[in-house]
$ cat upload-v7.tsv   # TSV, C-alpha atoms
chain	number	residue	atom	x	y	z
A	5	MET	CA	47.14	42.94	10.19
A	6	ASP	CA	45.32	39.62	10.55
A	7	PHE	CA	43.23	38.22	7.69
A	8	ALA	CA	41.97	35.24	9.69
A	9	LEU	CA	38.75	35.01	11.67
A	10	THR	CA	39.09	35.04	15.43
A	11	ALA	CA	38.49	31.85	17.38
A	12	GLU	CA	35.14	33.25	18.51
A	13	GLN	CA	34.14	34.12	14.93
A	14	ARG	CA	35.11	30.64	13.69
A	15	LEU	CA	33.03	29.05	16.44
A	16	PHE	CA	30.09	31.31	15.55
A	17	ALA	CA	30.38	30.45	11.85
A	18	ASP	CA	30.70	26.72	12.58
A	19	THR	CA	27.63	26.80	14.81
A	20	ILE	CA	25.55	28.45	12.09
A	21	ALA	CA	26.86	26.05	9.44
A	22	ARG	CA	25.81	23.11	11.62
A	23	PHE	CA	22.36	24.65	12.17
A	24	ALA	CA	21.96	25.17	8.42
A	25	ARG	CA	22.96	21.60	7.61
A	26	ASP	CA	20.63	20.18	10.26
A	27	TYR	CA	17.55	22.29	9.57
A	28	LEU	CA	17.81	23.94	6.13
A	29	ALA	CA	19.65	21.60	3.76
A	30	GLY	CA	16.73	19.20	3.21
A	31	GLY	CA	14.32	21.70	1.67
A	32	ALA	CA	16.82	24.00	-0.01
A	33	LEU	CA	15.74	23.29	-3.59
A	34	ASP	CA	12.01	23.54	-2.85
A	35	ARG	CA	12.48	26.87	-1.06
A	36	ALA	CA	14.34	28.27	-4.05
A	37	HIS	CA	11.24	27.82	-6.20
A	38	GLU	CA	8.72	29.10	-3.65
A	39	PRO	CA	8.17	32.88	-3.97
A	40	ALA	CA	6.43	33.25	-0.60
A	41	TYR	CA	8.57	34.42	2.29
A	42	PRO	CA	9.63	31.42	4.43
A	43	PHE	CA	8.22	32.44	7.81
A	44	ASP	CA	8.89	28.94	9.13
A	45	VAL	CA	12.60	29.49	8.53
A	46	ALA	CA	12.38	32.96	10.07
A	47	ARG	CA	10.95	31.52	13.29
A	48	LEU	CA	13.65	28.85	13.37
A	49	MET	CA	16.35	31.47	12.93
A	50	ALA	CA	14.81	33.69	15.59
A	51	ALA	CA	15.04	30.80	18.05
A	52	GLN	CA	18.75	30.49	17.17
A	53	GLY	CA	19.37	34.21	17.67
A	54	LEU	CA	20.00	34.85	13.97
A	55	LEU	CA	17.58	37.77	13.64
A	56	GLY	CA	18.56	41.16	15.00
A	57	ILE	CA	22.20	40.15	15.34
A	58	THR	CA	23.39	43.78	15.30
A	59	VAL	CA	20.41	45.15	17.23
A	60	PRO	CA	21.35	46.08	20.81
A	61	ALA	CA	20.23	43.62	23.48
A	62	THR	CA	18.30	46.45	25.15
A	63	HIS	CA	16.08	46.53	22.04
A	64	GLY	CA	15.59	42.76	21.90
A	65	GLY	CA	18.50	41.93	19.59
A	66	GLN	CA	21.76	40.04	20.03
A	67	GLY	CA	24.10	43.02	20.38
A	68	GLY	CA	26.58	41.63	17.85
A	69	THR	CA	28.57	43.26	15.07
A	70	LEU	CA	27.94	43.70	11.38
A	71	MET	CA	30.69	41.16	10.75
A	72	ASP	CA	28.74	38.61	12.79
A	73	ALA	CA	25.73	39.18	10.55
A	74	VAL	CA	27.90	38.77	7.43
A	75	LEU	CA	29.20	35.44	8.72
A	76	ALA	CA	25.63	34.33	9.38
A	77	ILE	CA	24.37	35.17	5.92
A	78	GLU	CA	27.38	33.44	4.32
A	79	GLN	CA	27.02	30.18	6.24
A	80	VAL	CA	23.28	29.97	5.64
A	81	ALA	CA	23.61	30.72	1.91
A	82	LEU	CA	26.25	28.04	1.43
A	83	VAL	CA	23.63	25.48	2.48
A	84	CYS	CA	20.27	27.04	1.53
A	85	PRO	CA	20.50	30.11	-0.75
A	86	ARG	CA	16.83	31.08	-0.30
A	87	SER	CA	17.11	31.09	3.50
A	88	ALA	CA	19.85	33.71	3.25
A	89	ASP	CA	17.04	36.14	2.38
A	90	VAL	CA	15.71	35.66	5.91
A	91	VAL	CA	19.07	36.64	7.39
A	92	GLN	CA	19.03	39.69	5.11
A	93	ALA	CA	15.51	40.72	6.12
A	94	GLY	CA	16.22	40.15	9.80
A	95	ASN	CA	19.53	41.99	9.97
A	96	PHE	CA	20.50	44.10	6.99
A	97	SER	CA	17.38	45.52	5.44
A	98	ALA	CA	14.78	48.01	6.67
A	99	ILE	CA	14.84	46.42	10.12
A	100	ARG	CA	18.35	47.82	10.68
A	101	THR	CA	17.26	51.37	9.85
A	102	LEU	CA	14.22	50.95	12.08
A	103	ALA	CA	16.28	49.69	15.02
A	104	GLU	CA	18.81	52.49	14.58
A	105	TYR	CA	16.46	55.47	14.40
A	106	ALA	CA	13.11	54.38	15.85
A	107	SER	CA	11.59	56.04	18.88
A	108	PRO	CA	11.16	53.93	22.05
A	109	ASP	CA	7.45	53.65	21.21
A	110	GLN	CA	8.17	52.43	17.67
A	111	ARG	CA	10.69	49.87	18.90
A	112	GLN	CA	8.19	48.57	21.42
A	113	ARG	CA	5.41	48.34	18.85
A	114	PHE	CA	7.29	46.73	16.00
A	115	LEU	CA	10.60	45.11	16.92
A	116	PRO	CA	9.33	42.15	19.01
A	117	ASP	CA	7.27	40.68	16.15
A	118	LEU	CA	10.01	41.37	13.59
A	119	LEU	CA	12.79	39.86	15.68
A	120	SER	CA	10.70	36.79	16.49
A	121	GLY	CA	10.17	36.03	12.78
A	122	ARG	CA	6.39	36.40	13.10
A	123	LYS	CA	6.25	39.52	10.92
A	124	LEU	CA	8.25	41.16	8.16
A	125	ILE	CA	9.24	44.72	7.27
A	126	ALA	CA	9.86	45.95	3.70
A	127	LEU	CA	11.46	49.09	2.30
A	128	GLY	CA	9.53	51.32	-0.11
A	129	MET	CA	12.09	53.50	-1.85
A	130	SER	CA	11.89	53.28	-5.66
A	131	GLU	CA	9.09	54.97	-7.59
A	132	PRO	CA	7.99	54.93	-11.24
A	133	GLU	CA	9.98	58.16	-11.78
A	134	ALA	CA	12.61	57.77	-9.05
A	135	GLY	CA	14.96	54.79	-9.22
A	136	SER	CA	18.67	55.52	-9.06
A	137	ALA	CA	17.69	59.20	-8.76
A	138	VAL	CA	15.89	58.46	-5.50
A	139	THR	CA	15.92	62.15	-4.46
A	140	GLU	CA	13.33	62.78	-7.19
A	141	LEU	CA	10.70	60.81	-5.29
A	142	ARG	CA	7.18	62.21	-5.40
A	143	THR	CA	5.39	60.35	-2.61
A	144	THR	CA	4.30	63.06	-0.20
A	145	ALA	CA	3.51	63.34	3.50
A	146	THR	CA	1.17	66.29	4.06
A	147	PRO	CA	0.33	67.51	7.60
A	148	ASP	CA	-3.21	66.68	8.68
A	149	GLY	CA	-4.09	67.53	12.25
A	150	THR	CA	-2.03	65.33	14.55
A	151	GLY	CA	-0.71	63.25	11.67
A	152	TYR	CA	0.02	63.13	7.95
A	153	ARG	CA	-1.64	62.00	4.75
A	154	ILE	CA	0.51	59.93	2.40
A	155	ASN	CA	-0.01	60.10	-1.36
A	156	GLY	CA	2.04	58.42	-4.08
A	157	SER	CA	3.29	54.97	-5.08
A	158	LYS	CA	6.32	52.71	-4.79
A	159	VAL	CA	7.63	49.98	-7.08
A	160	PHE	CA	10.08	47.05	-6.93
A	161	THR	CA	9.69	46.63	-3.16
A	162	SER	CA	11.22	43.29	-2.15
A	163	ASN	CA	9.06	41.12	0.12
A	164	SER	CA	6.06	43.40	-0.43
A	165	PRO	CA	3.56	40.53	-0.96
A	166	ASP	CA	4.31	39.20	2.54
A	167	ALA	CA	5.38	42.25	4.55
A	168	THR	CA	3.21	43.53	7.38
A	169	LEU	CA	5.11	46.79	7.92
A	170	PHE	CA	6.57	49.18	5.34
A	171	LEU	CA	9.30	51.77	5.79
A	172	ILE	CA	8.38	54.36	3.16
A	173	TYR	CA	10.59	57.18	1.86
A	174	VAL	CA	8.41	60.30	1.59
A	175	ARG	CA	8.69	63.97	0.81
A	176	PHE	CA	7.64	66.33	3.59
A	177	GLY	CA	8.78	69.34	1.60
A	178	PRO	CA	10.92	70.45	-1.36
A	179	GLY	CA	14.55	69.55	-1.95
A	180	LEU	CA	16.84	67.07	-0.27
A	181	ARG	CA	16.03	68.50	3.15
A	182	GLY	CA	12.38	67.70	2.63
A	183	ILE	CA	12.90	63.92	2.43
A	184	GLY	CA	12.22	61.61	5.37
A	185	SER	CA	10.47	58.34	6.09
A	186	VAL	CA	7.34	56.93	7.70
A	187	LEU	CA	6.13	53.55	8.92
A	188	VAL	CA	2.91	52.25	7.36
A	189	GLU	CA	1.25	49.03	8.46
A	190	ARG	CA	-0.41	46.71	5.99
A	191	GLY	CA	-4.19	47.19	5.92
A	192	ARG	CA	-4.18	50.85	6.86
A	193	PRO	CA	-6.98	52.71	5.06
A	194	GLY	CA	-5.73	54.35	1.88
A	195	PHE	CA	-2.84	51.90	1.47
A	196	THR	CA	-3.30	49.17	-1.15
A	197	LEU	CA	-1.04	46.73	-2.96
A	198	GLY	CA	-1.23	45.95	-6.67
A	199	LYS	CA	-1.15	42.57	-8.35
A	200	PRO	CA	2.09	40.63	-7.73
A	201	THR	CA	4.68	40.82	-10.49
A	202	ARG	CA	7.59	38.36	-10.72
A	203	PHE	CA	11.24	39.26	-11.08
A	204	HIS	CA	13.51	37.09	-13.21
A	205	SER	CA	14.95	35.84	-9.89
A	206	GLY	CA	11.61	34.26	-9.01
A	207	ASP	CA	10.72	36.80	-6.31
A	208	ASP	CA	7.38	38.60	-6.41
A	209	TRP	CA	6.78	42.29	-5.76
A	210	CYS	CA	3.68	44.47	-5.65
A	211	GLN	CA	3.27	48.13	-6.47
A	212	LEU	CA	2.34	50.11	-3.38
A	213	TYR	CA	-0.40	52.74	-3.67
A	214	PHE	CA	-1.08	55.49	-1.13
A	215	GLU	CA	-4.25	57.53	-1.56
A	216	ASP	CA	-4.83	59.88	1.37
A	217	CYS	CA	-3.42	57.22	3.66
A	218	ARG	CA	-3.45	58.82	7.07
A	219	ILE	CA	-0.78	58.03	9.66
A	220	GLU	CA	-0.14	59.48	13.10
A	221	ALA	CA	2.89	61.62	13.95
A	222	ALA	CA	4.10	58.66	16.05
A	223	ASP	CA	4.56	56.73	12.78
A	224	VAL	CA	7.17	59.14	11.39
A	225	LEU	CA	10.55	57.42	11.54
A	226	LEU	CA	12.74	60.26	10.26
A	227	GLY	CA	11.24	63.66	9.58
A	228	PRO	CA	12.44	66.34	7.16
A	229	GLY	CA	16.21	66.24	6.84
A	230	GLY	CA	16.39	62.53	7.54
A	231	PHE	CA	17.52	61.47	4.06
A	232	LYS	CA	21.24	61.18	4.84
A	233	LYS	CA	20.53	59.04	7.89
A	234	GLN	CA	18.30	56.80	5.80
A	235	ILE	CA	20.99	56.33	3.17
A	236	ALA	CA	23.54	55.58	5.89
A	237	GLY	CA	21.20	52.85	7.08
A	238	PHE	CA	20.71	51.69	3.50
A	239	ASN	CA	24.46	51.05	3.26
A	240	VAL	CA	23.89	48.21	5.73
A	241	GLU	CA	21.45	46.66	3.26
A	242	ARG	CA	24.15	46.92	0.59
A	243	ILE	CA	26.51	44.96	2.83
A	244	GLY	CA	23.88	42.23	3.05
A	245	ASN	CA	23.37	42.36	-0.70
A	246	ALA	CA	27.12	41.95	-1.23
A	247	ALA	CA	27.30	39.08	1.24
A	248	ARG	CA	24.47	37.19	-0.48
A	249	SER	CA	25.99	37.77	-3.92
A	250	LEU	CA	29.32	36.39	-2.77
A	251	ALA	CA	27.80	33.48	-0.87
A	252	LEU	CA	25.55	32.39	-3.75
A	253	GLY	CA	28.54	32.60	-6.07
A	254	ARG	CA	30.41	30.30	-3.70
A	255	HIS	CA	27.40	27.98	-3.48
A	256	ALA	CA	27.37	27.64	-7.28
A	257	PHE	CA	31.18	27.26	-7.27
A	258	ASN	CA	30.90	24.35	-4.83
A	259	LEU	CA	28.19	22.69	-6.91
A	260	ALA	CA	30.31	22.97	-10.06
A	261	ARG	CA	33.43	21.69	-8.27
A	262	GLY	CA	31.59	18.57	-7.13
A	263	TYR	CA	30.15	18.07	-10.60
A	264	ALA	CA	33.50	18.52	-12.35
A	265	GLY	CA	35.10	15.90	-10.14
A	266	GLN	CA	32.45	13.29	-11.00
A	267	ARG	CA	31.33	14.08	-14.54
A	268	ARG	CA	33.33	12.06	-17.07
A	269	GLN	CA	33.76	12.86	-20.75
A	270	PHE	CA	36.26	11.48	-23.23
A	271	GLY	CA	37.27	8.87	-20.69
A	272	ARG	CA	38.17	11.14	-17.73
A	273	ALA	CA	36.73	13.57	-15.21
A	274	ILE	CA	36.20	17.00	-16.74
A	275	CYS	CA	38.22	18.63	-13.94
A	276	GLU	CA	41.29	17.13	-15.62
A	277	PHE	CA	40.88	19.42	-18.63
A	278	GLN	CA	42.94	22.59	-18.40
A	279	GLY	CA	40.13	24.76	-19.74
A	280	ILE	CA	37.94	23.72	-16.80
A	281	GLN	CA	40.80	24.16	-14.32
A	282	TRP	CA	41.37	27.72	-15.44
A	283	LYS	CA	37.71	28.53	-14.94
A	284	PHE	CA	37.91	27.36	-11.34
A	285	ALA	CA	41.16	29.21	-10.73
A	286	GLU	CA	39.66	32.46	-12.02
A	287	MET	CA	36.50	32.00	-9.95
A	288	ARG	CA	38.53	31.29	-6.82
A	289	MET	CA	40.66	34.41	-7.26
A	290	GLN	CA	37.64	36.65	-7.77
A	291	LEU	CA	35.65	35.18	-4.89
A	292	ASP	CA	38.57	35.45	-2.47
A	293	ALA	CA	39.27	39.06	-3.48
A	294	ALA	CA	35.59	39.93	-3.09
A	295	GLN	CA	35.51	38.40	0.37
A	296	LEU	CA	38.41	40.56	1.53
A	297	LEU	CA	36.64	43.71	0.33
A	298	LEU	CA	33.41	42.64	2.00
A	299	TYR	CA	35.11	41.86	5.30
A	300	ARG	CA	36.94	45.19	5.21
A	301	ALA	CA	33.68	47.10	4.86
A	302	ALA	CA	31.98	45.07	7.58
A	303	VAL	CA	34.86	45.11	10.09
A	304	ASN	CA	35.52	48.83	9.68
A	305	ALA	CA	31.85	49.52	10.27
A	306	ASP	CA	32.08	47.57	13.56
A	307	ALA	CA	28.66	47.83	15.21
A	308	GLY	CA	27.81	51.14	13.57
A	309	LEU	CA	27.01	52.14	9.99
A	310	PRO	CA	29.47	51.33	7.19
A	311	ASP	CA	31.52	53.74	5.12
A	312	ALA	CA	29.78	54.64	1.85
A	313	THR	CA	32.84	54.21	-0.37
A	314	GLU	CA	34.00	50.93	1.16
A	315	THR	CA	30.46	49.64	0.91
A	316	SER	CA	30.21	50.68	-2.75
A	317	ILE	CA	33.50	48.95	-3.59
A	318	ALA	CA	32.51	45.79	-1.74
A	319	LYS	CA	29.04	45.59	-3.26
A	320	ALA	CA	30.17	46.26	-6.84
A	321	PHE	CA	32.98	43.70	-6.65
A	322	CYS	CA	30.91	41.05	-4.83
A	323	ASN	CA	28.03	41.52	-7.27
A	324	ARG	CA	30.29	40.84	-10.23
A	325	ALA	CA	32.32	38.06	-8.61
A	326	GLY	CA	29.20	36.24	-7.39
A	327	HIS	CA	27.41	36.52	-10.72
A	328	ASP	CA	30.46	35.53	-12.75
A	329	ALA	CA	31.03	32.48	-10.55
A	330	ALA	CA	27.39	31.41	-10.86
A	331	SER	CA	27.49	31.92	-14.63
A	332	GLU	CA	30.65	29.85	-15.01
A	333	ALA	CA	29.20	27.16	-12.74
A	334	VAL	CA	26.17	26.82	-14.99
A	335	GLN	CA	28.45	26.65	-18.04
A	336	ILE	CA	30.62	23.96	-16.46
A	337	MET	CA	27.62	21.89	-15.43
A	338	GLY	CA	25.98	22.28	-18.84
A	339	ALA	CA	22.35	21.20	-19.07
A	340	ALA	CA	22.48	19.92	-15.48
A	341	GLY	CA	23.41	23.40	-14.27
A	342	PHE	CA	20.83	25.09	-16.47
A	343	SER	CA	18.07	22.86	-15.11
A	344	GLU	CA	15.81	23.91	-12.25
A	345	SER	CA	16.60	20.57	-10.64
A	346	ALA	CA	19.88	22.09	-9.45
A	347	LEU	CA	20.53	25.34	-7.56
A	348	ALA	CA	23.22	26.68	-9.89
A	349	GLU	CA	20.72	28.38	-12.21
A	350	TYR	CA	18.90	29.82	-9.18
A	351	CYS	CA	22.16	31.35	-7.94
A	352	LEU	CA	22.74	32.81	-11.39
A	353	ARG	CA	19.32	34.47	-11.50
A	354	ARG	CA	19.55	35.85	-7.98
A	355	THR	CA	23.07	37.25	-8.35
A	356	ARG	CA	22.05	38.96	-11.59
A	357	GLY	CA	19.28	40.82	-9.81
A	358	TRP	CA	21.57	42.10	-7.07
A	359	MET	CA	23.70	43.87	-9.67
A	360	ILE	CA	20.66	46.17	-10.00
A	361	ALA	CA	19.00	46.10	-6.57
A	362	GLY	CA	20.37	48.17	-3.72
A	363	GLY	CA	22.27	50.49	-6.04
A	364	SER	CA	23.31	49.41	-9.52
A	365	ILE	CA	26.97	48.75	-10.26
A	366	GLU	CA	27.05	51.89	-12.43
A	367	ILE	CA	25.73	54.10	-9.62
A	368	LEU	CA	28.24	52.55	-7.23
A	369	LYS	CA	31.05	53.35	-9.67
A	370	ASN	CA	29.91	56.97	-9.69
A	371	ARG	CA	30.17	57.02	-5.90
A	372	ILE	CA	33.63	55.44	-5.99
A	373	ALA	CA	34.83	57.97	-8.58
A	374	GLU	CA	33.66	60.84	-6.38
A	375	ASP	CA	35.86	59.50	-3.61
A	376	VAL	CA	38.80	59.12	-6.00
A	377	PHE	CA	38.61	62.77	-7.07
A	378	GLY	CA	37.35	64.20	-3.80
A	379	ARG	CA	34.44	65.97	-5.44
A	380	ALA	CA	30.83	65.39	-6.41
A	381	PHE	CA	29.80	64.65	-9.99
A	382	PRO	CA	26.08	65.60	-10.17
A	383	GLN	CA	24.20	63.42	-12.63
A	384	ARG	CA	21.20	65.73	-12.90
A	385	MET	CA	21.16	67.90	-16.04
A	386	GLN	CA	21.68	71.57	-15.18
A	387	ASP	CA	18.99	74.09	-15.89
A	388	ALA	CA	19.75	75.87	-19.17
A	389	ARG	CA	19.87	79.26	-17.45
A	390	THR	CA	22.31	77.93	-14.83
A	391	ALA	CA	24.51	76.47	-17.56
A	392	GLU	CA	24.76	79.82	-19.25

$ encode --input "upload-v7.tsv" --output "structure tokens"
Amino acid sequence: MDFALTAEQRLFADTIARFARDYLAGGALDRAHEPAYPFDVARLMAAQGLLGITVPATHGGQGGTLMDAVLAIEQVALVCPRSADVVQAGNFSAIRTLAEYASPDQRQRFLPDLLSGRKLIALGMSEPEAGSAVTELRTTATPDGTGYRINGSKVFTSNSPDATLFLIYVRFGPGLRGIGSVLVERGRPGFTLGKPTRFHSGDDWCQLYFEDCRIEAADVLLGPGGFKKQIAGFNVERIGNAARSLALGRHAFNLARGYAGQRRQFGRAICEFQGIQWKFAEMRMQLDAAQLLLYRAAVNADAGLPDATETSIAKAFCNRAGHDAASEAVQIMGAAGFSESALAEYCLRRTRGWMIAGGSIEILKNRIAEDVFGRAFPQRMQDARTAE
């Protein structure tokens, strides 16, 4: 068992770190406070082969592994936290599900623009009445001639103000087997976006409205019965979420370490106080442990889709470790860390959101417990007649 990166992986990580320092470090703070998606960064990354890392070369990607994508998101985030979102969108999010399950026609129509950084895809999953209980979604796809009419709405969709393509979870029929997904392009008649609303992290999202929005059959990604495949693809997004949480925690850790070595109080650097030293020791232990869990999930997934339990463990632990490190970094840096003139507070806000997005820590714990006991624990209240 080897816990070290291979020589090839180290070279890959070093190359990305150098790219990030050369092209992303200068505007890192400004990007953190700009809600619009950084398409300029996306095009830069596309030119470096950092979009579609796990997408097969035959589909226009790089043909790499999930671990390669994790290394990319880590190295970028350590220099420019906001730019790590581009690595997420170009490798871990809805684009991964699209590349995995799309028809040849869909790949030809959509992947070139997405992999070049010219356009962006977003995932419409959550609804006003279907968050963690995503199977209770109400957005419907009703047959209409050679296509379908979509009716319903979606909320909390990341990147929705800037996305040009949306992967939408829909209900073709009743029950779990009735759930699938469709692809809807921005501007299609019957599809409108509400006024942007801002998350605490600084990101904007728009509610998505579908009113008799007609799509062709060729725009169905996964038909009835496709829910389990979609969730398998969504586990990739959770790996990206975990990687960003961990990397932003490390970014804040590095900022605080530099500050503690220079900031002097009571006649000496504050890193000489044992209370501060213990904070750094605790952060280091948690971040290192989280990284091992993340790498396990990514390596075991290889180039395929990750294991649900390993992904849940990695995401829950990385979410907490990243947020705790960012929180302690802000505390150590005091007013300097709490100020928007430094990136520590940005890392704190972003890592807090990822404890909710992509599956809350509580939902992940439910999934882990099911694996522990080898049985399902349904959260839905039983019908009174069934209970009797």

$ residues_around --input "upload-v7.tsv" --residues "stretch 245-254 of chain A" --least-positions-apart "6" --cutoff "9 Å" --atoms "all atoms listed in the file" --output "ChimeraX atom specification"
/A:74-75,77-82,85,88-89,92,96,287-288,291,294-295,298,315,318-331,333,348,350-352,354-356,358-359,361-362

$ residues_around --input "upload-v7.tsv" --residues "stretch 37-46 of chain A" --least-positions-apart "6" --cutoff "12 Å" --atoms "only C-alpha atoms" --output "PyMOL selection string"
chain A and resi 23-24+27-29+31+52-56+80+84-95+117-126+162-168+200-209+344-347+349-351+353-354

$ residues_around --input "upload-v7.tsv" --residues "A:Gly182" --least-positions-apart "5" --cutoff "12 Å" --atoms "all atoms listed in the file" --output "MDAnalysis selection string"
chainID A and resid 139:146 173:177 226:232

$ closest_residue --input "upload-v7.tsv" --among "A:Lys369, A:Arg111, A:Arg153, A:Arg14" --to "A:Ala312" --atoms "all atoms listed in the file"
A:Lys369

$ residues_around --input "upload-v7.tsv" --residues "A:Leu212" --least-positions-apart "3" --cutoff "6 Å" --atoms "all atoms listed in the file" --output "list in words"
Ser157, Lys158 and Leu197 of chain A

$ closest_residue --input "upload-v7.tsv" --among "A:Ile183, A:Leu127, A:Phe238, A:Phe160" --to "A:Cys210" --atoms "all atoms listed in the file"
A:Phe160

$ atom_distance --input "upload-v7.tsv" --atom1 "atom CA of A:Ile336" --atom2 "atom CA of A:Gln290"
16.9 Å

$ atom_distance --input "upload-v7.tsv" --atom1 "atom CA of A:Gly341" --atom2 "atom CA of A:Gly262"
11.9 Å

$ closest_residue --input "upload-v7.tsv" --among "A:Val303, A:Val224, A:Ala76, A:Cys275" --to "A:Gly244" --atoms "all atoms listed in the file"
A:Ala76

$ atom_distance --input "upload-v7.tsv" --atom1 "atom CA of A:Cys217" --atom2 "atom CA of A:Glu189"
10.6 Å

$ closest_residue --input "upload-v7.tsv" --among "A:Ala301, A:Ala236, A:Ala260, A:Val83" --to "A:Ala340" --atoms "only C-alpha atoms"
A:Ala260

$ closest_residue --input "upload-v7.tsv" --among "A:Ala293, A:Ile154, A:Leu225, A:Ala264" --to "A:Tyr213" --atoms "only C-alpha atoms"
A:Ile154

$ closest_residue --input "upload-v7.tsv" --among "A:Ile317, A:Asn155, A:Gly184, A:Gln383" --to "A:Thr196" --atoms "all atoms listed in the file"
A:Asn155

$ residues_around --input "upload-v7.tsv" --residues "A:Leu70" --least-positions-apart "3" --cutoff "8 Å" --atoms "all atoms listed in the file" --output "list in words"
Ile57, Thr58, Ala73, Val74, Ala302, Val303, Ala305, Asp306, Ala307 and Gly308 of chain A
